[in-house]
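Printed here is start-v2.tsv (TSV, C-alpha atoms and all ligand atoms):
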chain	number	residue	atom	x	y	z
A	22	MET	CA	0.00	0.00	0.00
A	23	GLN	CA	2.69	2.45	1.08
A	24	ARG	CA	4.84	1.32	-1.81
A	25	ASP	CA	2.06	1.83	-4.37
A	26	GLU	CA	1.37	5.28	-2.98
A	27	LEU	CA	5.04	6.25	-3.32
A	28	ALA	CA	5.25	4.77	-6.82
A	29	SER	CA	2.25	6.76	-8.01
A	30	ARG	CA	3.69	9.90	-6.41
A	31	GLN	CA	6.92	9.28	-8.33
A	32	SER	CA	5.15	8.89	-11.66
A	33	GLY	CA	3.10	12.03	-10.89
A	34	LEU	CA	6.30	13.99	-10.30
A	35	GLU	CA	7.83	12.62	-13.50
A	36	GLN	CA	4.82	13.83	-15.48
A	37	GLN	CA	5.11	17.30	-13.93
A	38	ILE	CA	8.85	17.38	-14.70
A	39	GLU	CA	8.20	16.34	-18.32
A	40	ALA	CA	5.49	19.01	-18.73
A	41	SER	CA	7.75	21.74	-17.28
A	42	LYS	CA	10.66	20.66	-19.47
A	43	SER	CA	8.62	20.73	-22.67
A	44	ARG	CA	7.19	24.14	-21.71
A	45	ARG	CA	10.74	25.37	-21.20
A	46	ALA	CA	11.88	23.92	-24.53
A	47	GLU	CA	8.92	25.57	-26.26
A	48	LEU	CA	9.78	28.99	-24.72
A	49	GLU	CA	13.43	28.69	-25.68
A	50	ARG	CA	12.55	27.66	-29.21
A	51	ARG	CA	10.42	30.81	-29.54
A	52	MET	CA	12.98	33.06	-27.81
A	53	TYR	CA	15.86	32.00	-30.05
A	54	GLY	CA	13.77	31.46	-33.15
A	55	GLY	CA	13.84	35.12	-34.07
A	56	GLN	CA	10.07	35.62	-34.36
A	57	VAL	CA	9.78	37.36	-30.98
A	58	THR	CA	11.60	40.67	-31.01
A	59	ALA	CA	9.83	42.82	-28.40
A	60	PRO	CA	12.25	43.21	-25.45
A	61	ARG	CA	9.43	43.13	-22.86
A	62	GLU	CA	8.06	39.90	-24.27
A	63	LEU	CA	11.55	38.36	-24.40
A	64	GLN	CA	12.16	39.42	-20.81
A	65	ALA	CA	8.88	37.83	-19.67
A	66	MET	CA	9.78	34.60	-21.46
A	67	ASP	CA	13.24	34.62	-19.91
A	68	ASP	CA	11.68	35.07	-16.47
A	69	GLU	CA	9.36	32.15	-17.06
A	70	VAL	CA	12.26	29.95	-18.20
A	71	LYS	CA	14.16	30.80	-14.99
A	72	HIS	CA	11.08	30.05	-12.92
A	73	LEU	CA	10.61	26.73	-14.75
A	74	MET	CA	14.25	25.76	-14.11
A	75	ARG	CA	13.83	26.34	-10.36
A	76	HIS	CA	10.55	24.43	-10.43
A	77	ILE	CA	12.10	21.49	-12.30
A	78	ALA	CA	15.03	21.34	-9.83
A	79	GLU	CA	12.56	21.32	-6.95
A	80	LEU	CA	10.46	18.57	-8.52
A	81	GLU	CA	13.58	16.51	-9.20
A	82	ASP	CA	14.66	16.86	-5.55
A	83	ARG	CA	11.24	15.63	-4.46
A	84	GLU	CA	11.45	12.73	-6.89
A	85	ILE	CA	14.83	11.72	-5.43
A	86	GLU	CA	13.30	11.75	-1.94
A	87	VAL	CA	10.46	9.50	-3.10
A	88	MET	CA	12.93	7.14	-4.82
A	89	GLU	CA	15.00	6.94	-1.63
A	90	ALA	CA	11.88	6.04	0.35
A	91	LEU	CA	11.02	3.41	-2.26
A	92	GLU	CA	14.43	1.72	-2.19
A	93	PRO	CA	14.12	-0.23	1.11
A	94	LEU	CA	10.52	-1.14	0.30
A	95	ASP	CA	11.56	-2.53	-3.08
A	96	ALA	CA	14.40	-4.45	-1.44
A	97	GLU	CA	11.94	-5.89	1.07
A	98	LEU	CA	9.60	-6.85	-1.73
A	99	GLU	CA	12.43	-8.55	-3.61
A	100	THR	CA	13.47	-10.54	-0.53
A	101	ALA	CA	9.88	-11.62	0.08
A	102	GLU	CA	9.55	-12.64	-3.55
A	103	ARG	CA	12.77	-14.68	-3.40
A	104	GLU	CA	11.51	-16.38	-0.22
A	105	ARG	CA	8.17	-17.11	-1.86
A	106	VAL	CA	9.89	-18.71	-4.87
A	107	ALA	CA	12.16	-20.79	-2.59
A	108	LEU	CA	9.17	-21.97	-0.54
A	109	GLU	CA	7.24	-22.86	-3.66
A	110	GLU	CA	10.19	-24.87	-4.95
A	111	ALA	CA	10.51	-26.67	-1.61
A	112	ALA	CA	6.78	-27.42	-1.62
A	113	MET	CA	7.05	-28.77	-5.16
A	114	ARG	CA	9.95	-31.05	-4.19
A	115	LEU	CA	7.99	-32.30	-1.16
A	116	ARG	CA	4.92	-33.00	-3.30
A	117	GLU	CA	7.10	-34.95	-5.72
A	118	ALA	CA	8.66	-36.93	-2.86
A	119	ILE	CA	5.20	-37.69	-1.45
A	120	ALA	CA	3.96	-38.82	-4.85
A	121	LEU	CA	6.99	-41.10	-5.24
A	122	SER	CA	6.50	-42.56	-1.74
A	123	GLU	CA	2.83	-43.12	-2.41
A	124	ALA	CA	3.55	-44.87	-5.68
A	125	SER	CA	6.19	-47.05	-4.05
A	126	LEU	CA	3.93	-47.85	-1.08
A	127	SER	CA	1.00	-48.82	-3.23
A	128	ALA	CA	3.29	-51.01	-5.35
A	129	ASP	CA	4.55	-52.68	-2.15
A	130	LEU	CA	1.00	-53.05	-0.93
A	131	ALA	CA	-0.06	-54.70	-4.19
A	132	VAL	CA	2.82	-57.17	-3.99
A	133	GLN	CA	2.13	-57.94	-0.32
A	134	SER	CA	-1.58	-58.36	-0.76
A	135	GLU	CA	-0.94	-60.69	-3.68
A	136	GLU	CA	1.51	-62.68	-1.54
A	137	ARG	CA	-0.96	-62.73	1.33
A	138	ASP	CA	-3.77	-63.93	-0.91
A	139	GLY	CA	-1.48	-66.67	-2.22
A	140	ALA	CA	-0.54	-67.72	1.31
A	141	ALA	CA	-4.14	-67.53	2.57
A	142	GLY	CA	-5.23	-69.83	-0.24
A	143	ASP	CA	-3.36	-72.70	1.42
A	144	VAL	CA	-4.94	-72.07	4.83
A	145	PRO	CA	-8.15	-73.96	5.72
A	146	ARG	CA	-11.14	-71.63	5.60
A	147	GLU	CA	-12.16	-72.21	9.21
A	148	LEU	CA	-8.68	-71.35	10.47
A	149	LEU	CA	-8.58	-68.25	8.26
A	150	VAL	CA	-11.88	-67.00	9.73
A	151	ARG	CA	-10.56	-67.58	13.24
A	152	TYR	CA	-7.34	-65.81	12.39
A	153	GLU	CA	-9.23	-62.78	11.02
A	154	GLN	CA	-11.38	-62.60	14.16
A	155	LEU	CA	-8.32	-62.74	16.41
A	156	ARG	CA	-6.53	-60.17	14.29
A	157	LYS	CA	-9.42	-57.71	14.70
A	158	LYS	CA	-9.66	-58.32	18.42
A	159	LEU	CA	-5.92	-58.24	19.16
A	160	GLY	CA	-4.70	-55.10	17.47
A	161	GLY	CA	-3.70	-56.47	14.07
A	162	THR	CA	-1.84	-59.71	14.89
A	163	GLY	CA	-3.90	-62.89	15.02
A	164	ALA	CA	-0.97	-65.26	15.04
A	165	ALA	CA	2.39	-65.32	16.78
A	166	ARG	CA	5.51	-67.40	16.71
A	167	LEU	CA	6.38	-69.65	19.62
A	168	ILE	CA	9.87	-68.57	20.63
A	169	GLY	CA	11.68	-70.67	23.22
A	170	GLY	CA	8.52	-71.45	25.22
A	171	SER	CA	7.17	-67.91	25.03
A	172	CYS	CA	4.35	-66.48	22.91
A	173	GLY	CA	5.70	-63.96	20.41
A	174	GLY	CA	2.41	-62.05	20.59
A	175	CYS	CA	1.92	-61.38	24.31
A	176	HIS	CA	5.53	-62.29	25.25
A	177	LEU	CA	4.41	-64.38	28.23
A	178	ALA	CA	6.16	-67.69	28.96
A	179	LEU	CA	3.89	-70.68	28.51
A	180	PRO	CA	3.76	-73.25	31.34
A	181	SER	CA	6.30	-76.01	30.68
A	182	MET	CA	3.54	-78.64	30.56
A	183	GLU	CA	1.83	-76.62	27.86
A	184	VAL	CA	5.06	-76.30	25.89
A	185	ASP	CA	5.49	-80.03	26.19
A	186	ARG	CA	1.95	-80.64	24.95
A	187	ILE	CA	2.54	-78.35	21.98
A	188	ARG	CA	5.74	-80.18	21.07
A	189	LYS	CA	3.88	-83.49	21.04
A	190	ALA	CA	0.92	-82.16	19.02
A	191	LEU	CA	0.46	-83.16	15.40
A	192	PRO	CA	2.13	-80.78	12.92
A	193	ASP	CA	-1.21	-79.60	11.47
A	194	ALA	CA	-2.98	-79.16	14.85
A	195	VAL	CA	-4.00	-75.59	15.60
A	196	ILE	CA	-2.39	-74.42	18.83
A	197	THR	CA	-3.34	-71.20	20.55
A	198	CYS	CA	-1.74	-69.17	23.31
A	199	ASP	CA	-3.63	-69.69	26.62
A	200	GLN	CA	-2.88	-66.13	27.63
A	201	CYS	CA	-3.77	-64.02	24.62
A	202	GLY	CA	-5.60	-66.47	22.40
A	203	ARG	CA	-3.34	-65.99	19.34
A	204	ILE	CA	-2.70	-68.89	17.01
A	205	LEU	CA	0.79	-70.08	17.75
A	206	VAL	CA	3.08	-70.83	14.83
A	207	ARG	CA	5.63	-73.54	15.60
A	301	ZN	ZN	0.08	-65.10	23.83
Mind turning this structure into structure tokens?
Amino acid sequence: MQRDELASRQSGLEQQIEASKSRRAELERRMYGGQVTAPRELQAMDDEVKHLMRHIAELEDREIEVMEALEPLDAELETAERERVALEEAAMRLREAIALSEASLSADLAVQSEERDGAAGDVPRELLVRYEQLRKKLGGTGAARLIGGSCGGCHLALPSMEVDRIRKALPDAVITCDQCGRILVR
């Protein structure tokens, strides 16, 4: 706002300077052109030229003042513009990175869901339903590995008798953790 006001003041001053200069040029052309010979008229024209010269100098001084006031504002504007461009570039790079990540994630997801579907195809339907129910109930993991007598899901140690029973169970028997209910993978 302040900058626009100063800029329009500057162009107003420039117009006034131009008008005064062309008036002065017109007077001088007539004075030295030889058509005006009356001394009183020549004197009046000479006075006006002198007045115009003072006026032009005054206007030019005011224009310099306005330009000096404009300088820091223009510098500020330039800095802000550079910052805006830099931010826009950073935002563009981030959007590109996000798009790349999204593409890579959805590719991964497609591969994994294909693998999962393939693996689930081998699992008996009843067990799969049970697994899905457990998964929903237990925060995303319906099955856990049995690691050294402990459940990999709830991390509690199973009683040694239970571990013994599991070891003796048939390979395709479904074993669950007594504590959390997850299907235990041996
Ligand atoms: Zn458990």
Point to revise | Residues within 12 Å of ligand ZN 301 (chain A), counting all atoms listed in the file, as a PyMOL selection string | key: chain A and resi 155+159+162-168+170-180+196-206
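From atom CA of Val150 of chain A back to atom CA of Gln133 of chain A, the distance works out to 19.5 Å.
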note - atom CA of Arg105 of chain A and atom CA of Ala124 of chain A are separated by 28.4 Å
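You will find atom CA of Leu91 of chain A at 14.5 Å from atom CA of Gly33 of chain A.
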Practice prompt. Name the residues within 10 Å of (8.1, 15.1, -7.7), counting all atoms listed in the file in the file's coordinates, and put them as number ranges by chain.
Written response: A: 30-38, 77-88
To test the calculation: enclose all listed atoms of segment 119-126 of chain A in a box whose edges run along x, y and z, add 3 Å on each side, then state centre and edge lengths in Å to one decimal, as lines of an AutoDock Vina configuration file.
center_x = 4.9
center_y = -42.8
center_z = -3.4
size_x = 10.2
size_y = 16.2
size_z = 10.6
